[in-house]
Structures are given as structure tokens and as C-alpha cells.
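Visitor: CSV, N, CA and C atoms, file input_32.csv:
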```
chain,number,residue,atom,x,y,z
A,19,VAL,N,-190.8,52.6,-4.5
A,19,VAL,CA,-189.6,52.7,-5.3
A,19,VAL,C,-189.5,51.6,-6.3
A,20,GLN,N,-189.3,51.9,-7.6
A,20,GLN,CA,-189.2,50.9,-8.6
A,20,GLN,C,-187.9,51.1,-9.4
A,21,LEU,N,-187.1,50.1,-9.6
A,21,LEU,CA,-185.9,50.2,-10.3
A,21,LEU,C,-185.9,49.1,-11.4
A,22,VAL,N,-185.6,49.5,-12.6
A,22,VAL,CA,-185.7,48.6,-13.8
A,22,VAL,C,-184.3,48.6,-14.5
A,23,GLU,N,-183.6,47.5,-14.4
A,23,GLU,CA,-182.3,47.4,-15.0
A,23,GLU,C,-182.4,46.8,-16.4
A,24,SER,N,-181.5,47.3,-17.3
A,24,SER,CA,-181.5,46.7,-18.7
A,24,SER,C,-180.1,46.9,-19.3
A,25,GLY,N,-179.9,46.2,-20.4
A,25,GLY,CA,-178.7,46.4,-21.1
A,25,GLY,C,-177.7,45.3,-21.0
A,26,GLY,N,-178.0,44.3,-20.2
A,26,GLY,CA,-177.1,43.1,-20.1
A,26,GLY,C,-177.1,42.3,-21.4
A,27,GLY,N,-176.2,41.3,-21.4
A,27,GLY,CA,-176.1,40.4,-22.5
A,27,GLY,C,-174.9,39.5,-22.5
A,28,LEU,N,-174.6,38.9,-23.6
A,28,LEU,CA,-173.4,38.0,-23.7
A,28,LEU,C,-172.4,38.8,-24.5
A,29,VAL,N,-171.2,38.8,-24.0
A,29,VAL,CA,-170.1,39.6,-24.7
A,29,VAL,C,-168.8,38.8,-24.5
A,30,GLN,N,-167.9,38.9,-25.5
A,30,GLN,CA,-166.6,38.3,-25.3
A,30,GLN,C,-165.7,39.1,-24.4
A,31,ALA,N,-164.8,38.4,-23.8
A,31,ALA,CA,-163.8,39.1,-23.0
A,31,ALA,C,-163.1,40.2,-23.8
A,32,GLY,N,-163.0,41.4,-23.1
A,32,GLY,CA,-162.4,42.5,-23.7
A,32,GLY,C,-163.5,43.5,-24.3
A,33,GLY,N,-164.7,43.0,-24.4
A,33,GLY,CA,-165.8,43.8,-24.9
A,33,GLY,C,-166.4,44.8,-23.9
A,34,SER,N,-167.4,45.4,-24.4
A,34,SER,CA,-168.1,46.5,-23.6
A,34,SER,C,-169.6,46.3,-23.6
A,35,LEU,N,-170.2,46.8,-22.5
A,35,LEU,CA,-171.6,46.9,-22.4
A,35,LEU,C,-172.0,48.1,-21.6
A,36,ARG,N,-173.2,48.6,-21.9
A,36,ARG,CA,-173.7,49.7,-21.1
A,36,ARG,C,-175.0,49.3,-20.4
A,37,LEU,N,-175.0,49.3,-19.1
A,37,LEU,CA,-176.2,49.0,-18.4
A,37,LEU,C,-177.0,50.3,-18.1
A,38,SER,N,-178.3,50.2,-18.0
A,38,SER,CA,-179.2,51.3,-17.7
A,38,SER,C,-180.1,50.9,-16.5
A,39,CYS,N,-180.4,51.9,-15.7
A,39,CYS,CA,-181.4,51.6,-14.6
A,39,CYS,C,-182.3,52.8,-14.6
A,40,ALA,N,-183.6,52.5,-14.7
A,40,ALA,CA,-184.7,53.5,-14.6
A,40,ALA,C,-185.3,53.5,-13.3
A,41,ALA,N,-185.3,54.7,-12.6
A,41,ALA,CA,-185.8,54.8,-11.2
A,41,ALA,C,-187.1,55.6,-11.2
A,42,SER,N,-188.0,55.1,-10.3
A,42,SER,CA,-189.2,55.9,-10.1
A,42,SER,C,-189.6,55.7,-8.7
A,43,GLY,N,-190.4,56.6,-8.2
A,43,GLY,CA,-190.9,56.6,-6.8
A,43,GLY,C,-190.0,57.2,-5.8
A,44,ILE,N,-189.0,57.9,-6.3
A,44,ILE,CA,-188.1,58.7,-5.4
A,44,ILE,C,-187.8,60.0,-6.1
A,45,VAL,N,-187.3,61.0,-5.3
A,45,VAL,CA,-186.8,62.2,-5.9
A,45,VAL,C,-185.4,61.9,-6.3
A,46,PHE,N,-185.3,61.5,-7.5
A,46,PHE,CA,-184.0,60.9,-8.0
A,46,PHE,C,-182.8,61.8,-7.8
A,47,ARG,N,-183.0,63.0,-8.1
A,47,ARG,CA,-181.8,63.9,-8.1
A,47,ARG,C,-181.2,64.1,-6.7
A,48,LEU,N,-182.0,63.7,-5.7
A,48,LEU,CA,-181.5,63.9,-4.3
A,48,LEU,C,-180.9,62.7,-3.7
A,49,ASN,N,-180.9,61.6,-4.5
A,49,ASN,CA,-180.4,60.3,-4.0
A,49,ASN,C,-179.1,59.8,-4.6
A,50,ALA,N,-178.2,59.3,-3.8
A,50,ALA,CA,-177.1,58.5,-4.3
A,50,ALA,C,-177.6,57.2,-4.9
A,51,MET,N,-176.9,56.7,-5.9
A,51,MET,CA,-177.3,55.4,-6.5
A,51,MET,C,-176.1,54.5,-6.6
A,52,GLY,N,-176.4,53.2,-6.6
A,52,GLY,CA,-175.3,52.3,-6.7
A,52,GLY,C,-175.6,51.1,-7.7
A,53,TRP,N,-174.6,50.6,-8.2
A,53,TRP,CA,-174.7,49.3,-9.0
A,53,TRP,C,-174.0,48.2,-8.2
A,54,TYR,N,-174.7,47.1,-8.1
A,54,TYR,CA,-174.3,45.9,-7.4
A,54,TYR,C,-174.3,44.7,-8.4
A,55,ARG,N,-173.6,43.7,-8.1
A,55,ARG,CA,-173.6,42.5,-8.9
A,55,ARG,C,-173.6,41.2,-8.0
A,56,GLN,N,-174.2,40.2,-8.5
A,56,GLN,CA,-174.2,38.9,-7.8
A,56,GLN,C,-173.9,37.8,-8.8
A,57,ALA,N,-172.7,37.1,-8.5
A,57,ALA,CA,-172.4,36.0,-9.3
A,57,ALA,C,-172.9,34.7,-8.7
A,58,PRO,N,-173.1,33.6,-9.5
A,58,PRO,CA,-173.6,32.4,-8.9
A,58,PRO,C,-172.8,31.9,-7.7
A,59,GLY,N,-173.5,31.6,-6.7
A,59,GLY,CA,-172.8,31.1,-5.5
A,59,GLY,C,-172.1,32.1,-4.6
A,60,LYS,N,-172.2,33.4,-5.0
A,60,LYS,CA,-171.5,34.4,-4.3
A,60,LYS,C,-172.4,35.4,-3.7
A,61,GLN,N,-172.0,36.2,-2.8
A,61,GLN,CA,-172.8,37.3,-2.2
A,61,GLN,C,-172.8,38.5,-3.2
A,62,ARG,N,-173.9,39.2,-3.1
A,62,ARG,CA,-174.0,40.4,-3.8
A,62,ARG,C,-172.9,41.4,-3.4
A,63,GLU,N,-172.3,42.1,-4.3
A,63,GLU,CA,-171.2,43.0,-4.0
A,63,GLU,C,-171.4,44.3,-4.7
A,64,LEU,N,-170.9,45.4,-4.0
A,64,LEU,CA,-171.0,46.7,-4.5
A,64,LEU,C,-170.0,46.9,-5.6
A,65,VAL,N,-170.4,47.5,-6.7
A,65,VAL,CA,-169.6,47.7,-7.9
A,65,VAL,C,-169.2,49.2,-8.0
A,66,ALA,N,-170.2,50.0,-7.9
A,66,ALA,CA,-169.9,51.5,-8.1
A,66,ALA,C,-171.1,52.3,-7.4
A,67,THR,N,-170.7,53.5,-7.0
A,67,THR,CA,-171.7,54.4,-6.5
A,67,THR,C,-171.5,55.8,-7.1
A,68,ILE,N,-172.6,56.5,-7.1
A,68,ILE,CA,-172.6,57.9,-7.5
A,68,ILE,C,-173.5,58.7,-6.6
A,69,THR,N,-172.9,59.8,-6.1
A,69,THR,CA,-173.7,60.6,-5.2
A,69,THR,C,-174.7,61.5,-6.0
A,70,SER,N,-175.5,62.2,-5.3
A,70,SER,CA,-176.4,63.2,-5.9
A,70,SER,C,-175.7,64.3,-6.6
A,71,ALA,N,-174.5,64.6,-6.1
A,71,ALA,CA,-173.6,65.6,-6.7
A,71,ALA,C,-172.8,65.1,-7.9
A,72,GLY,N,-172.8,63.8,-8.0
A,72,GLY,CA,-172.0,63.2,-9.2
A,72,GLY,C,-170.7,62.6,-8.8
A,73,SER,N,-170.3,62.6,-7.5
A,73,SER,CA,-169.1,62.0,-7.1
A,73,SER,C,-169.2,60.5,-7.2
A,74,THR,N,-168.1,59.9,-7.7
A,74,THR,CA,-168.2,58.4,-7.9
A,74,THR,C,-167.2,57.6,-7.1
A,75,ASN,N,-167.5,56.4,-6.9
A,75,ASN,CA,-166.6,55.5,-6.2
A,75,ASN,C,-166.7,54.1,-6.8
A,76,TYR,N,-165.6,53.3,-6.8
A,76,TYR,CA,-165.6,52.0,-7.5
A,76,TYR,C,-165.0,51.0,-6.7
A,77,ALA,N,-165.4,49.7,-6.8
A,77,ALA,CA,-164.7,48.6,-6.3
A,77,ALA,C,-163.4,48.5,-7.0
A,78,ASP,N,-162.4,48.0,-6.2
A,78,ASP,CA,-161.0,47.9,-6.8
A,78,ASP,C,-161.0,47.0,-8.1
A,79,SER,N,-161.9,46.0,-8.1
A,79,SER,CA,-161.9,45.1,-9.2
A,79,SER,C,-162.4,45.7,-10.5
A,80,VAL,N,-163.0,46.8,-10.5
A,80,VAL,CA,-163.6,47.4,-11.7
A,80,VAL,C,-163.0,48.8,-12.0
A,81,LYS,N,-162.1,49.3,-11.1
A,81,LYS,CA,-161.6,50.7,-11.3
A,81,LYS,C,-160.8,50.7,-12.6
A,82,GLY,N,-161.0,51.8,-13.4
A,82,GLY,CA,-160.4,52.0,-14.6
A,82,GLY,C,-161.1,51.3,-15.8
A,83,ARG,N,-162.1,50.4,-15.5
A,83,ARG,CA,-162.8,49.7,-16.5
A,83,ARG,C,-164.3,50.1,-16.6
A,84,PHE,N,-164.8,50.4,-15.5
A,84,PHE,CA,-166.3,50.7,-15.4
A,84,PHE,C,-166.4,52.2,-15.1
A,85,THR,N,-167.5,52.8,-15.6
A,85,THR,CA,-167.8,54.2,-15.3
A,85,THR,C,-169.3,54.3,-15.0
A,86,ILE,N,-169.6,54.8,-13.8
A,86,ILE,CA,-171.0,55.0,-13.4
A,86,ILE,C,-171.4,56.5,-13.7
A,87,SER,N,-172.6,56.7,-14.2
A,87,SER,CA,-173.0,58.1,-14.5
A,87,SER,C,-174.5,58.2,-14.2
A,88,ARG,N,-175.1,59.4,-14.3
A,88,ARG,CA,-176.5,59.5,-14.0
A,88,ARG,C,-177.0,60.7,-14.9
A,89,ASP,N,-178.3,60.6,-15.1
A,89,ASP,CA,-179.0,61.6,-15.8
A,89,ASP,C,-180.3,62.0,-15.0
A,90,ASN,N,-180.2,63.0,-14.2
A,90,ASN,CA,-181.2,63.4,-13.3
A,90,ASN,C,-182.5,63.7,-14.0
A,91,ALA,N,-182.4,64.3,-15.2
A,91,ALA,CA,-183.6,64.7,-15.9
A,91,ALA,C,-184.4,63.5,-16.3
A,92,LYS,N,-183.8,62.4,-16.5
A,92,LYS,CA,-184.4,61.1,-16.9
A,92,LYS,C,-184.6,60.1,-15.8
A,93,SER,N,-184.1,60.5,-14.6
A,93,SER,CA,-184.1,59.5,-13.5
A,93,SER,C,-183.4,58.2,-13.9
A,94,MET,N,-182.3,58.3,-14.5
A,94,MET,CA,-181.5,57.1,-15.0
A,94,MET,C,-180.1,57.1,-14.4
A,95,VAL,N,-179.7,55.9,-14.1
A,95,VAL,CA,-178.3,55.7,-13.8
A,95,VAL,C,-177.7,54.7,-14.7
A,96,TYR,N,-176.4,54.8,-15.1
A,96,TYR,CA,-175.8,54.0,-16.1
A,96,TYR,C,-174.5,53.4,-15.6
A,97,LEU,N,-174.1,52.3,-16.2
A,97,LEU,CA,-172.9,51.7,-15.9
A,97,LEU,C,-172.2,51.3,-17.2
A,98,GLN,N,-171.2,52.0,-17.6
A,98,GLN,CA,-170.5,51.7,-18.8
A,98,GLN,C,-169.4,50.7,-18.4
A,99,MET,N,-169.3,49.6,-19.0
A,99,MET,CA,-168.4,48.5,-18.7
A,99,MET,C,-167.5,48.3,-19.9
A,100,SER,N,-166.2,48.4,-19.7
A,100,SER,CA,-165.3,48.1,-20.8
A,100,SER,C,-164.2,47.1,-20.3
A,101,SER,N,-163.5,46.6,-21.2
A,101,SER,CA,-162.4,45.6,-20.9
A,101,SER,C,-163.0,44.5,-20.0
A,102,LEU,N,-164.2,44.0,-20.4
A,102,LEU,CA,-164.8,43.0,-19.6
A,102,LEU,C,-164.1,41.7,-19.5
A,103,LYS,N,-164.2,41.1,-18.3
A,103,LYS,CA,-163.5,39.8,-18.0
A,103,LYS,C,-164.5,38.8,-17.7
A,104,PRO,N,-164.2,37.5,-17.8
A,104,PRO,CA,-165.1,36.5,-17.4
A,104,PRO,C,-165.6,36.6,-16.0
A,105,GLU,N,-164.7,37.1,-15.1
A,105,GLU,CA,-165.1,37.2,-13.7
A,105,GLU,C,-166.1,38.4,-13.5
A,106,ASP,N,-166.4,39.1,-14.5
A,106,ASP,CA,-167.5,40.2,-14.4
A,106,ASP,C,-168.8,39.5,-14.6
A,107,THR,N,-168.9,38.3,-15.0
A,107,THR,CA,-170.2,37.6,-15.2
A,107,THR,C,-171.0,37.6,-13.9
A,108,ALA,N,-172.2,38.1,-14.0
A,108,ALA,CA,-173.1,38.2,-12.8
A,108,ALA,C,-174.4,38.8,-13.2
A,109,VAL,N,-175.3,38.8,-12.3
A,109,VAL,CA,-176.5,39.6,-12.5
A,109,VAL,C,-176.3,41.0,-11.8
A,110,TYR,N,-176.5,42.0,-12.6
A,110,TYR,CA,-176.2,43.4,-12.1
A,110,TYR,C,-177.5,44.0,-11.7
A,111,TYR,N,-177.5,44.7,-10.6
A,111,TYR,CA,-178.6,45.4,-10.0
A,111,TYR,C,-178.2,46.9,-9.7
A,112,CYS,N,-179.2,47.7,-9.8
A,112,CYS,CA,-179.0,49.1,-9.2
A,112,CYS,C,-179.9,49.2,-8.0
A,113,ASP,N,-179.5,50.2,-7.2
A,113,ASP,CA,-180.3,50.4,-5.9
A,113,ASP,C,-180.0,51.9,-5.5
A,114,VAL,N,-180.9,52.4,-4.7
A,114,VAL,CA,-180.7,53.6,-4.0
A,114,VAL,C,-179.6,53.4,-2.9
A,115,GLN,N,-178.7,54.3,-2.8
A,115,GLN,CA,-177.6,54.1,-1.9
A,115,GLN,C,-177.7,55.1,-0.8
A,116,TYR,N,-177.9,54.5,0.4
A,116,TYR,CA,-177.9,55.4,1.6
A,116,TYR,C,-176.6,55.3,2.3
A,117,SER,N,-176.4,56.1,3.4
A,117,SER,CA,-175.2,56.1,4.1
A,117,SER,C,-174.9,54.8,4.7
A,118,TRP,N,-175.9,54.0,5.0
A,118,TRP,CA,-175.7,52.7,5.7
A,118,TRP,C,-175.7,51.6,4.7
A,119,GLY,N,-175.9,51.9,3.4
A,119,GLY,CA,-175.9,50.8,2.5
A,119,GLY,C,-177.0,50.9,1.5
A,120,PRO,N,-177.3,49.8,0.8
A,120,PRO,CA,-178.3,49.8,-0.2
A,120,PRO,C,-179.7,49.9,0.4
A,121,GLY,N,-180.6,50.5,-0.3
A,121,GLY,CA,-182.0,50.6,0.2
A,121,GLY,C,-182.8,49.3,0.1
A,122,GLY,N,-182.3,48.4,-0.7
A,122,GLY,CA,-183.0,47.1,-0.8
A,122,GLY,C,-184.2,47.1,-1.8
A,123,TYR,N,-184.2,48.1,-2.6
A,123,TYR,CA,-185.3,48.2,-3.6
A,123,TYR,C,-184.9,47.5,-4.9
A,124,TRP,N,-184.5,46.2,-4.7
A,124,TRP,CA,-183.9,45.5,-5.9
A,124,TRP,C,-184.9,45.3,-7.0
A,125,GLY,N,-184.4,45.6,-8.2
A,125,GLY,CA,-185.2,45.2,-9.4
A,125,GLY,C,-184.9,43.8,-9.8
A,126,GLN,N,-185.3,43.5,-11.0
A,126,GLN,CA,-185.1,42.1,-11.5
A,126,GLN,C,-183.6,41.8,-11.9
A,127,GLY,N,-182.9,42.9,-12.0
A,127,GLY,CA,-181.5,42.7,-12.4
A,127,GLY,C,-181.3,42.5,-13.9
A,128,THR,N,-180.1,42.6,-14.4
A,128,THR,CA,-179.8,42.3,-15.8
A,128,THR,C,-178.6,41.4,-15.9
A,129,GLN,N,-178.7,40.3,-16.6
A,129,GLN,CA,-177.6,39.3,-16.7
A,129,GLN,C,-176.5,39.8,-17.6
A,130,VAL,N,-175.3,39.8,-17.1
A,130,VAL,CA,-174.1,40.0,-17.9
A,130,VAL,C,-173.2,38.7,-17.9
A,131,THR,N,-173.0,38.2,-19.1
A,131,THR,CA,-172.2,37.1,-19.3
A,131,THR,C,-171.0,37.4,-20.2
A,132,VAL,N,-169.8,37.1,-19.7
A,132,VAL,CA,-168.6,37.4,-20.4
A,132,VAL,C,-167.9,36.1,-20.7
A,133,SER,N,-167.7,35.8,-22.0
A,133,SER,CA,-167.1,34.6,-22.4
A,133,SER,C,-165.6,34.8,-22.6
A,134,SER,N,-164.9,33.7,-22.4
A,134,SER,CA,-163.4,33.8,-22.5
A,134,SER,C,-163.0,33.4,-23.9
```
Can I see the file as C-alpha cells?

Guide:
Amino acid sequence: VQLVESGGGLVQAGGSLRLSCAASGIVFRLNAMGWYRQAPGKQRELVATITSAGSTNYADSVKGRFTISRDNAKSMVYLQMSSLKPEDTAVYYCDVQYSWGPGGYWGQGTQVTVSS
């Protein structure tokens, strides 16, 4: 399994970014996917998940601001982030999401930095 994240960058508070994750080595359409993030000195946390059927779930801290989506034809999962806050600053990762948690197929991640 290979996961390649992209789309991060430096943005001012209140701005938007769209993260992308390209997946290979799995039957993408059959798998739930998740976005995670890890801020300096903190544990990696779950941000959002999307099932194979397209049902979504979000951490309370990002509800109403972030939207996870997927394109099964392209084996891609996206995270649209709006109304960004400095506390959203982290390295963002995608992963295959199993019932017991992340698959652990971490890519290199993509850095998101939100300035105040």
C-alpha cells in the first residue's frame, strides 16, 4: 500500500486549503479512508473518515470547517479545509481506515501551517 499526500502549505487564519491523497496497492473503492494530523509535540489524531459508501465522520474540532471526499475512479481522497485556525497547524496524513483504526500505511504527510 502506498499513500502520497499533497496540497499542504502556508495559509493565513481564515483561509482554505485542499489536501489530496493518492492511494495505490489496495482496492480503493472497497476501503474506508481517513485523514489524520500530528502537531509538534502531540499525538497523531483522527480528523475525518469516509467509508466506501461515502459516509463521513469528523472530529469535533473540525466539524463544519473540513470536508472529506473521495474519487474512487482516481483512487483519491481529499480534505477540503476552510476557516483554518492556527491550531490546525500540523502534518496531515491519510490512511486506510479499518474498523479497529488506521492501517498504519503512513505516507510522508503534507505540512499545513496556519499563521495568525

Visitor: May I have the protein, DNA and RNA residues with an atom at most 6.5 Å from (-169.7, 31.6, -12.1), counting only N, CA and C atoms in the file's coordinates, returned as a list in words?

Guide: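 Selection result: Ala57, Pro58 and Thr107 of chain A.
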
Visitor: Take atom N of Gln126 in chain A and atom C of Ile86 in chain A and report the distance between them in Å, one decimal.

Guide: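 Between atom N of Gln126 in chain A and atom C of Ile86 in chain A the gap is 19.2 Å.
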
Visitor: Expressed in Å to a single decimal, how great is the separation between atom C of Ser70 in chain A and atom C of Lys92 in chain A?

Guide: 13.5 Å

Visitor: Have a look at A:Thr67, A:Asn90, A:Gln30, A:Gln20 and name the one nearest to Val132 in chain A; count only C-alpha atoms.

Guide: A:Gln30

Visitor: Enter the distance from atom C of Arg55 in chain A to atom C of Ala108 in chain A, in Å, rounded to one decimal.

Guide: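 That distance, rounded to one decimal, is 5.8 Å.
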
Visitor: So, counting only C-alpha atoms, which residue among A:Val109, A:Val80, A:Thr131, A:Gln115 is closest to Lys60 in chain A?

Guide: A:Val109

Visitor: Residues near Gly33 in chain A, anyone? I mean within 7 Å using only N, CA and C atoms, not counting same-chain ones fewer than 3 positions away, as a PyMOL selection string.

Guide: chain A and resi 29-30+99-103

Visitor: Go through A:Met94, A:Gly127, A:Ser133, A:Pro120 and flag the residue nearest Phe46 in chain A, using all atoms listed in the file for the distances.

Guide: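 Ranked by minimum distance to Phe46 in chain A, first place goes to A:Met94.
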
Visitor: With distances taken over only C-alpha atoms, which of A:Pro104, A:Gly121, A:Gly52, A:Gly25 is nearest to Ser73 in chain A?

Guide: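 Checking each candidate against Ser73 in chain A, we get A:Gly52 as the closest.
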
Visitor: If you run DSSP over the backbone, which residues in range 19-110 of chain A end up strand (DSSP E or B)? Put them as a ChimeraX atom specification.

Guide: /A:20-24,27-30,35-42,50-56,63-68,74-76,84-89,94-99,108-110

Visitor: Which residues, protein or nucleic acid, reach to within 12 Å of (-185.5, 60.3, -5.2) in the file's coordinates when using only C-alpha atoms, and can you give that as a list in words?

Guide: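 Residues found, by chain and rising number: Val19, Gln20, Leu21, Ala40, Ala41, Ser42, Gly43, Ile44, Val45, Phe46, Arg47, Leu48, Asn49, Ala50, Met51, Thr69, Ser70, Asn90, Ala91, Lys92, Ser93, Met94, Asp113, Val114, Gln115, Tyr116 and Gly121 of chain A.
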
Visitor: Neighbouring residues of Ser87 in chain A were defined as those with any atom within 6.5 Å, considering only N, CA and C atoms; residues of the same chain fewer than 2 positions away were excluded. Please report them as a PyMOL selection string.

Guide: chain A and resi 85+89+94-98
